[in-house]
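Q: Please find work38.txt (compact mmCIF, C-alpha atoms and all ligand atoms) on the next line:
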```txt
# COMPACT_ATOMS: atom_id res chain seq x y z
CA MET A 1 0.00 0.00 0.00
CA ALA A 2 1.36 3.44 -0.97
CA ILE A 3 -1.06 6.01 0.43
CA ARG A 4 -1.06 9.67 -0.55
CA ILE A 5 -3.58 12.40 0.21
CA VAL A 6 -4.18 15.12 -2.36
CA LYS A 7 -5.97 18.45 -1.95
CA ALA A 8 -8.56 18.14 -4.70
CA THR A 9 -9.19 20.32 -7.71
CA VAL A 10 -11.85 19.71 -10.37
CA ASN A 11 -9.39 17.26 -11.95
CA GLU A 12 -10.24 14.84 -9.14
CA VAL A 13 -14.02 15.17 -9.47
CA ASN A 14 -14.54 11.68 -10.93
CA ASP A 15 -12.41 10.08 -8.20
CA ILE A 16 -14.47 11.80 -5.50
CA ALA A 17 -17.76 10.81 -7.13
CA ALA A 18 -16.74 7.17 -7.58
CA THR A 19 -15.39 6.61 -4.06
CA GLY A 20 -18.22 8.60 -2.46
CA ARG A 21 -20.93 6.66 -4.27
CA GLN A 22 -19.40 3.29 -3.54
CA SER A 23 -18.60 3.81 0.12
CA PHE A 24 -21.94 5.48 0.88
CA TYR A 25 -23.76 2.61 -0.82
CA ASP A 26 -21.76 -0.05 1.06
CA ALA A 27 -22.17 1.67 4.42
CA PHE A 28 -25.82 2.73 4.23
CA HIS A 29 -27.83 0.84 1.60
CA SER A 30 -29.24 -1.51 4.23
CA ILE A 31 -30.84 1.31 6.25
CA PHE A 32 -32.78 2.70 3.27
CA ILE A 33 -36.33 1.36 3.12
CA ARG A 34 -36.77 2.55 -0.47
CA LYS A 35 -33.89 1.76 -2.83
CA ASP A 36 -35.17 4.32 -5.37
CA GLU A 37 -34.64 7.04 -2.76
CA LEU A 38 -31.10 5.83 -2.12
CA GLN A 39 -30.42 5.89 -5.87
CA LYS A 40 -31.85 9.39 -6.20
CA TYR A 41 -29.74 10.60 -3.27
CA LEU A 42 -26.56 9.15 -4.81
CA ASP A 43 -27.36 10.56 -8.26
CA SER A 44 -27.95 14.00 -6.81
CA THR A 45 -25.06 14.10 -4.31
CA TYR A 46 -22.46 12.68 -6.69
CA ASP A 47 -23.64 14.44 -9.84
CA VAL A 48 -20.28 15.32 -11.40
CA PHE A 49 -21.34 18.79 -12.57
CA LYS A 50 -22.66 19.74 -9.13
CA LEU A 51 -19.63 18.25 -7.42
CA ALA A 52 -17.25 20.20 -9.67
CA ASN A 53 -19.00 23.44 -8.64
CA SER A 54 -18.68 22.44 -5.01
CA ILE A 55 -14.93 21.76 -5.42
CA GLU A 56 -14.48 25.18 -7.03
CA ASN A 57 -16.33 26.93 -4.19
CA SER A 58 -13.57 28.50 -2.08
CA ASN A 59 -15.61 27.83 1.06
CA ASN A 60 -15.03 24.08 0.61
CA LEU A 61 -11.89 21.96 0.85
CA PHE A 62 -11.80 18.43 -0.58
CA PHE A 63 -9.07 15.84 -0.01
CA VAL A 64 -8.74 12.58 -1.92
CA ALA A 65 -6.88 9.47 -0.74
CA TYR A 66 -5.04 7.28 -3.25
CA ASP A 67 -3.37 3.90 -2.96
CA ASN A 68 -0.77 4.36 -5.70
CA ASP A 69 -3.08 5.72 -8.42
CA LYS A 70 -6.29 4.10 -7.19
CA PRO A 71 -8.76 6.53 -5.54
CA ILE A 72 -9.89 5.01 -2.24
CA GLY A 73 -11.68 7.77 -0.34
CA PHE A 74 -12.28 11.45 0.16
CA ALA A 75 -13.15 14.07 2.76
CA LYS A 76 -14.86 17.45 2.55
CA LEU A 77 -14.47 20.39 4.93
CA LYS A 78 -17.04 23.16 4.72
CA GLN A 79 -15.99 26.46 6.30
CA LEU A 80 -18.51 28.94 7.67
CA SER A 81 -21.03 26.17 8.16
CA ARG A 82 -22.93 26.92 11.34
CA HIS A 83 -24.88 24.39 13.34
CA GLN A 84 -27.71 25.94 15.37
CA GLN A 85 -26.90 23.85 18.45
CA ILE A 86 -23.29 25.10 18.64
CA GLN A 87 -22.62 28.49 20.22
CA SER A 88 -19.23 29.25 18.69
CA VAL A 89 -19.20 31.65 15.76
CA ARG A 90 -16.16 30.16 14.04
CA GLN A 91 -17.37 26.73 13.03
CA THR A 92 -16.19 24.39 10.29
CA GLU A 93 -18.08 21.28 9.27
CA LEU A 94 -16.45 17.98 8.43
CA GLN A 95 -19.26 17.26 6.02
CA LYS A 96 -18.02 14.02 4.51
CA ILE A 97 -15.36 11.41 5.09
CA TYR A 98 -15.76 8.23 3.07
CA VAL A 99 -13.24 5.45 2.58
CA LEU A 100 -13.78 2.25 0.56
CA LYS A 101 -14.61 -0.68 2.83
CA GLU A 102 -11.56 -2.74 1.75
CA TYR A 103 -9.44 -0.02 3.38
CA HIS A 104 -11.30 0.26 6.70
CA GLY A 105 -9.12 -0.63 9.65
CA THR A 106 -5.89 0.00 7.68
CA GLY A 107 -5.08 3.49 8.99
CA VAL A 108 -5.96 5.22 5.69
CA SER A 109 -8.94 7.00 7.27
CA GLN A 110 -6.70 8.21 10.08
CA THR A 111 -4.18 9.62 7.59
CA LEU A 112 -7.03 11.34 5.76
CA LEU A 113 -8.55 12.76 8.96
CA ASN A 114 -5.14 14.03 10.15
CA LYS A 115 -4.79 15.93 6.88
CA VAL A 116 -8.30 17.35 7.24
CA LEU A 117 -7.77 18.46 10.85
CA ASP A 118 -4.40 20.03 9.97
CA ALA A 119 -6.17 22.00 7.25
CA ALA A 120 -8.95 22.93 9.68
CA VAL A 121 -6.44 24.31 12.18
CA GLU A 122 -5.02 26.53 9.44
CA LEU A 123 -8.52 27.88 8.78
CA GLN A 124 -8.63 28.78 12.49
CA PRO A 125 -12.15 27.77 13.45
CA GLU A 126 -12.91 27.18 17.14
CA ILE A 127 -14.98 24.08 16.53
CA VAL A 128 -15.11 21.33 13.91
CA TRP A 129 -18.45 19.51 13.89
CA LEU A 130 -20.07 16.65 12.01
CA ASN A 131 -23.20 14.53 11.98
CA VAL A 132 -22.93 10.77 12.34
CA HIS A 133 -25.84 8.37 11.87
CA VAL A 134 -26.84 6.84 15.21
CA GLY A 135 -26.31 3.32 13.85
CA ASN A 136 -22.85 4.03 12.44
CA THR A 137 -20.81 2.64 15.32
CA LYS A 138 -17.64 2.29 13.29
CA ALA A 139 -17.56 5.97 12.35
CA ARG A 140 -18.60 7.04 15.83
CA ARG A 141 -15.76 5.03 17.38
CA PHE A 142 -13.37 6.57 14.84
CA TYR A 143 -14.42 10.11 15.80
CA GLU A 144 -14.33 9.39 19.54
CA LYS A 145 -10.79 8.04 19.23
CA ASN A 146 -9.91 11.35 17.59
CA GLY A 147 -11.33 13.51 20.38
CA PHE A 148 -14.81 14.30 19.04
CA SER A 149 -17.69 14.11 21.50
CA VAL A 150 -21.46 14.18 21.18
CA ALA A 151 -22.86 17.71 21.27
CA GLY A 152 -26.47 17.26 20.17
CA LYS A 153 -28.91 15.64 17.78
CA HIS A 154 -29.70 16.18 14.16
CA TYR A 155 -32.45 14.82 11.91
CA TYR A 156 -32.24 14.66 8.15
CA ILE A 157 -34.91 13.64 5.67
CA ILE A 158 -34.06 11.81 2.46
CA GLY A 159 -37.13 11.17 0.32
CA THR A 160 -39.78 9.85 2.69
CA GLN A 161 -37.40 8.60 5.39
CA LYS A 162 -36.19 10.47 8.46
CA PHE A 163 -32.67 9.65 9.66
CA GLU A 164 -31.35 10.32 13.16
CA PHE A 165 -27.82 11.62 13.64
CA ASP A 166 -25.61 12.50 16.58
CA LEU A 167 -23.95 15.88 16.31
CA MET A 168 -20.28 15.53 17.32
CA SER A 169 -17.71 18.28 17.75
CA ILE A 170 -14.11 18.97 18.68
CA ALA A 171 -12.39 22.17 19.77
CA VAL A 172 -9.43 22.98 17.54
CA GLY A 173 -6.69 25.57 17.23
CA ARG A 174 -6.63 28.26 19.89
CA SER A 175 -9.77 27.07 21.70
CA ALA A 176 -8.32 23.55 22.05
CA TYR A 177 -5.10 25.07 23.43
CA GLU A 178 -7.05 27.12 25.97
CA LEU A 179 -9.17 24.14 27.03
CA LYS A 180 -6.06 21.98 27.46
CA ASN A 181 -4.44 24.62 29.66
CA ILE A 182 -7.53 24.97 31.81
CA SER A 183 -7.92 21.22 32.36
CA GLU A 184 -4.19 20.43 32.60
CA PRO A 185 -2.27 23.04 34.62
CA GLU A 186 1.48 23.09 33.89
CA GLY A 187 3.20 19.97 35.22
CA ALA A 188 -0.05 18.13 35.98
CA ALA A 189 0.65 15.51 33.35
CA HIS A 190 3.92 14.54 35.09
CA ARG A 191 2.56 14.04 38.58
C1 LIG A 201 -15.82 6.21 9.13
C2 LIG A 201 -14.55 5.69 8.49
C3 LIG A 201 -13.88 6.83 7.70
C4 LIG A 201 -13.60 5.22 9.62
O1 LIG A 201 -12.49 4.60 9.04
P1 LIG A 201 -11.97 3.17 9.56
O2 LIG A 201 -10.80 2.80 8.74
O3 LIG A 201 -13.12 2.23 9.59
O4 LIG A 201 -11.53 3.60 11.02
P2 LIG A 201 -10.78 2.75 12.14
O5 LIG A 201 -9.90 1.74 11.54
O6 LIG A 201 -10.19 3.72 13.08
O7 LIG A 201 -11.97 1.99 12.84
C5 LIG A 201 -12.89 2.61 13.68
C6 LIG A 201 -13.51 1.56 14.58
O8 LIG A 201 -14.36 0.74 13.78
C7 LIG A 201 -14.13 -0.64 14.10
N1 LIG A 201 -13.61 -1.31 12.88
C8 LIG A 201 -12.66 -0.88 12.04
N2 LIG A 201 -12.50 -1.74 11.01
C9 LIG A 201 -13.36 -2.72 11.21
C10 LIG A 201 -13.69 -3.88 10.49
N3 LIG A 201 -13.08 -4.19 9.33
N4 LIG A 201 -14.65 -4.67 10.98
C11 LIG A 201 -15.28 -4.36 12.13
N5 LIG A 201 -15.02 -3.27 12.86
C12 LIG A 201 -14.09 -2.45 12.41
C13 LIG A 201 -13.23 -0.68 15.26
O9 LIG A 201 -13.98 -0.73 16.44
C14 LIG A 201 -12.49 0.63 15.22
O10 LIG A 201 -12.18 1.12 16.48
P3 LIG A 201 -10.87 0.56 17.28
O11 LIG A 201 -9.69 0.92 16.42
O12 LIG A 201 -10.87 1.28 18.57
O13 LIG A 201 -11.04 -0.91 17.44
C15 LIG A 201 -14.83 4.49 7.54
O14 LIG A 201 -15.30 3.40 8.30
C16 LIG A 201 -15.82 4.80 6.43
O15 LIG A 201 -15.46 5.40 5.43
N6 LIG A 201 -17.06 4.32 6.59
C17 LIG A 201 -18.09 4.44 5.56
C18 LIG A 201 -18.56 5.85 5.36
C19 LIG A 201 -18.90 6.52 6.65
O16 LIG A 201 -19.56 5.97 7.51
N7 LIG A 201 -18.44 7.78 6.77
C20 LIG A 201 -18.67 8.58 7.94
C21 LIG A 201 -19.99 9.24 7.84
S1 LIG A 201 -20.30 10.21 9.30
```
When written as structure tokens, how does the structure in this file appear?
A:
Amino acid sequence: MAIRIVKATVNEVNDIAATGRQSFYDAFHSIFIRKDELQKYLDSTYDVFKLANSIENSNNLFFVAYDNDKPIGFAKLKQLSRHQQIQSVRQTELQKIYVLKEYHGTGVSQTLLNKVLDAAVELQPEIVWLNVHVGNTKARRFYEKNGFSVAGKHYYIIGTQKFEFDLMSIAVGRSAYELKNISEPEGAAHR
């Protein structure tokens, strides 16, 4: 395995669409009651023209993971995306992180998330937040390991079905530094 993470331009639009479609389908097709609604969601979300516009929007940052030249996942950060249940003004959303199932448990997702969080710190938000489906224990565990914690609830309707999500968030940049210094006074870690 030779993993590299690339900050995406429109040149990578097909790689994002293909890995997004496949990994969403594999992870979530079983929870959709109506397969036509799943299909419609995938067609709309991974429409290449729409996706290219989204990549070109300077408010968004996309990263693509490759194993040699094979696209195996992607992540999307959306700046200035405010969640009503979060007080902080400077919020960034980790809107998508999808890795092909053959690569779960290999560390690829961690490499991708590290890249995303490094980029988020440069954008200087106070909070990075995301929504994770309540049944998605693998993703939830992944986020918890990385310091995210549950901050609320979110409901999202696709077609005729209502899906329940946990809102998770993490303090980053300066706010994380301040929190660390409040909870860990100097020297406390060495006692
Ligand atoms: C969410 C995602 C990016 C996490 O990546 P990952 O490679 O699975 O992450 P990890 O290897 O850290 O695994 C997370 C946890 O899932 C479990 N897990 C990982 N691989 C597993 C496997 N093959 N079988 C069963 N459980 C597994 C483990 O409990 C692990 O936690 P642990 O390391 O403490 O034991 C990835 O699973 C994914 O793309 N899923 C599909 C799309 C998705 O759900 N995206 C997130 C939407 S919010």
Q: What is the atom O11 of ligand LIG 201 (chain A)-atom CA of Val108 of chain A distance in Å, reported with one decimal?
A: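 Straight-line distance from atom O11 of ligand LIG 201 (chain A) to atom CA of Val108 of chain A works out to 12.1 Å.
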Q: If we count all atoms listed in the file and set the cut-off at 7 Å, which residues sit around segment 160-166 of chain A, ignoring sequence neighbours fewer than 4 positions away in its own chain? Please answer as a list in words.
A: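 After dropping sequence-adjacent residues, the list is Asn131, Val132, His133, Val134, Val150, Gly152, Lys153, His154, Tyr155 and Tyr156 of chain A.
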Q: Within 8 Å of Thr19 of chain A, counting only C-alpha atoms, which residues qualify if same-chain residues fewer than 6 places away don't, as JSON, numbers by chain?
A: {"A": [71, 72, 73, 74, 98, 99, 100]}
Q: Just want the residues within 9 Å of ligand LIG 201 (chain A), written as a ChimeraX atom specification, counting all atoms listed in the file.
A: /A:20,23-28,73-75,94-110,112-113,130-133,136-146,165
Q: Would you work out the distance separating atom CA of Asp47 of chain A from atom CA of Ala17 of chain A, expressed in Å to one decimal?
A: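 A separation of 7.4 Å between them.
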Q: Would you please work out which residue, of A:Ile127, A:Ile158, A:Ile86, A:Val172, is nearest to Gln39 of chain A when using only C-alpha atoms?
A: A:Ile158
Q: Got a sec: who's within 10 Å of Ile55 of chain A, counting only C-alpha atoms, leaving out chain neighbours fewer than 4 positions off, as a list in words?
A: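 Returned residues: Ala8, Thr9, Val10, Asn11, Glu12, Val13, Ile16, Lys50, Leu51, Asn59, Asn60, Leu61, Phe62, Phe63 and Lys76 of chain A.
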Q: So which one's closest to Val64 of chain A, A:Phe49, A:Ala171, A:Leu77, A:Ser30? Using all atoms listed in the file, please.
A: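 Selected residue with least distance to Val64 of chain A: A:Leu77.
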Q: To one decimal in Å, tell me the separation between atom CA of Arg82 of chain A and atom CA of Arg21 of chain A.
A: 25.7 Å
Q: Which polymer residues have any atom within 7 Å of an atom of Gln91 of chain A, counting all atoms listed in the file, with same-chain residues fewer than 5 positions away left out, as a short mmCIF file (atom, residue, chain, number, x, y, z; two decimals) with C-alpha atoms, in the frame of the given file?
A:
```
data_model
loop_
_atom_site.label_atom_id
_atom_site.label_comp_id
_atom_site.auth_asym_id
_atom_site.auth_seq_id
_atom_site.Cartn_x
_atom_site.Cartn_y
_atom_site.Cartn_z
CA GLN A 79 -15.99 26.46 6.30
CA LEU A 80 -18.51 28.94 7.67
CA SER A 81 -21.03 26.17 8.16
CA ARG A 82 -22.93 26.92 11.34
CA PRO A 125 -12.15 27.77 13.45
CA GLU A 126 -12.91 27.18 17.14
CA ILE A 127 -14.98 24.08 16.53
CA VAL A 128 -15.11 21.33 13.91
#
```
Q: If we count only C-alpha atoms, what is near Ser149 of chain A at a cut-off of 7 Å, once residues fewer than 5 positions away on the same chain are taken out, given as a ChimeraX atom specification?
A: /A:144,168-170
Q: Could you add the missing atoms to segment 24-37 of chain A, up to N, CA and C atoms, and return them as a compact mmCIF listing (two decimals), keeping the file's coordinate frame?
A:
```txt
# COMPACT_ATOMS: atom_id res chain seq x y z
N PHE A 24 -20.63 5.17 0.29
CA PHE A 24 -21.94 5.48 0.88
C PHE A 24 -22.87 4.29 0.69
N TYR A 25 -22.88 3.75 -0.54
CA TYR A 25 -23.76 2.61 -0.82
C TYR A 25 -23.43 1.44 0.13
N ASP A 26 -22.16 1.10 0.23
CA ASP A 26 -21.76 -0.05 1.06
C ASP A 26 -22.14 0.17 2.53
N ALA A 27 -21.94 1.41 3.00
CA ALA A 27 -22.17 1.67 4.42
C ALA A 27 -23.66 1.79 4.77
N PHE A 28 -24.46 2.32 3.84
CA PHE A 28 -25.82 2.73 4.23
C PHE A 28 -26.97 2.10 3.44
N HIS A 29 -26.69 1.31 2.42
CA HIS A 29 -27.83 0.84 1.60
C HIS A 29 -28.83 0.04 2.43
N SER A 30 -28.33 -0.66 3.46
CA SER A 30 -29.24 -1.51 4.23
C SER A 30 -30.21 -0.71 5.10
N ILE A 31 -29.90 0.55 5.38
CA ILE A 31 -30.84 1.31 6.25
C ILE A 31 -31.88 2.07 5.43
N PHE A 32 -31.76 2.06 4.11
CA PHE A 32 -32.78 2.70 3.27
C PHE A 32 -33.93 1.74 3.04
N ILE A 33 -35.15 2.20 3.36
CA ILE A 33 -36.33 1.36 3.12
C ILE A 33 -36.61 1.32 1.62
N ARG A 34 -36.48 2.47 0.97
CA ARG A 34 -36.77 2.55 -0.47
C ARG A 34 -35.48 2.73 -1.26
N LYS A 35 -35.15 1.73 -2.07
CA LYS A 35 -33.89 1.76 -2.83
C LYS A 35 -33.90 2.86 -3.89
N ASP A 36 -35.11 3.23 -4.38
CA ASP A 36 -35.17 4.32 -5.37
C ASP A 36 -34.74 5.64 -4.73
N GLU A 37 -35.04 5.81 -3.44
CA GLU A 37 -34.64 7.04 -2.76
C GLU A 37 -33.13 7.07 -2.52
```
